[in-house]
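Have a look at the structure below before the remarks.
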Amino acid sequence: MSDIVLKGKVHKYGSNVNTDEIIPARYLTTTDPVVLAKYCMEDIDKDFVKNVKPGDIIVAENNFGCGSSREHAPIAIKAAGVSAVIANSFARIFFRNSINTGLPILESPEAVKAIKNGDTIEINLTQGIIKNITKDETYQSQPFPEFMQKIIKAGGLLGYIKELS
């Protein structure tokens, strides 16, 4: 299996970014990713949707994705153009929902501490290597297991299941 490599500019946030901040409950009347993307992060970063570019990466501190179990949150992040999220830690339900929707997430306290908002980074999911191109530094995360790589490459769990049949 070939390596999965992602590259983008960093949008950095603090701890306890909850699912209602990622996609406010007032927008849960739809599951359309395009609509959800328009409102992603608006309660904590009103300019996020204007500033995010395809491939960009969110870096956050502790407990990213806490709060209500809502699949809308990783769907909104992915549809907004974010290619991955790096944090010190994730809420467990958010972690699973992210993988199911095809949004790669990595835990790396070393990277979170060193990376700054606006840095350009490259992530090799297969090897678990995070390279800060802006600072010419490298950090480590756990490599993605092969089955998770397949889910990500298929665009999420549904795509992966379809490939199996």
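Chain labels follow the order of the structure tokens: the first chain is A, the next B, and so on; residue numbering restarts at 1 in every chain, and ligands are counted from 1 in their shown order.
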Could you name the residues that touch Glu71 of chain A at 12 Å or less, counting only C-alpha atoms, but leaving out those on the same chain fewer than 2 positions away, as a PyMOL selection string? chain A and resi 19-20+22-23+25+28+30-33+36+65+67-69+73-78+93-103
For Ile58 of chain A, find every residue with an atom within 6 Å (counting only C-alpha atoms), except residues of its own chain fewer than 4 positions away, and show them as an mmCIF file with C-alpha atoms, in the first residue's frame.
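Contents of around.cif, freshly written:
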data_model
loop_
_atom_site.group_PDB
_atom_site.id
_atom_site.type_symbol
_atom_site.label_atom_id
_atom_site.label_comp_id
_atom_site.auth_asym_id
_atom_site.auth_seq_id
_atom_site.Cartn_x
_atom_site.Cartn_y
_atom_site.Cartn_z
ATOM 1 C CA VAL A 10 -2.353 25.019 10.069
ATOM 2 C CA HIS A 11 -5.400 26.465 11.821
ATOM 3 C CA LYS A 12 -4.694 26.163 15.547
ATOM 4 C CA VAL A 85 -6.780 17.057 12.574
#
Applying 10 Å and only C-alpha atoms, which residues near Thr138 of chain A remain after dropping the ones on its own chain fewer than 5 positions away? List them as a count of residues only. 11
Grab the atom CA of Lys116 of chain A to atom CA of Pro24 of chain A distance for me, in Å with one decimal place.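 Calculated distance between atom CA of Lys116 of chain A and atom CA of Pro24 of chain A is 25.7 Å.
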Closest of A:Ile105, A:Gly14, A:Phe64, A:Thr126 to Phe90 of chain A, counting only C-alpha atoms, is A:Phe64
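Across the model, the gap from atom CA of Ile161 of chain A to atom CA of Asn88 of chain A is 29.8 Å.
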So that I can check the secondary structure, give me every residue of segment 8-131 of chain A assigned alpha helix (DSSP H) by backbone DSSP, as a ChimeraX atom specification. /A:19-22,33-38,48-51,72-79,92-101,109-114
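Among the candidates A:Ala79, A:Ala60, A:Val52, A:Val17, the one nearest to Val34 of chain A when counting only C-alpha atoms is A:Ala79.
Secondary structure from DSSP on the backbone puts strand (DSSP E or B) at the following positions of segment 14-69 of chain A: Asn18, Ile57, Ile58, Val59, Ala60, Phe64 and Cys66 of chain A.
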Here atom CA of Lys38 of chain A and atom CA of Arg92 of chain A stand apart by 25.3 Å
Please identify all polymer residues within 10 Å of Lys113 of chain A, counting only C-alpha atoms, omitting same-chain residues fewer than 4 positions from it, and present them as a VMD selection string. chain A and resid 59 to 61 87 to 88 108 to 109
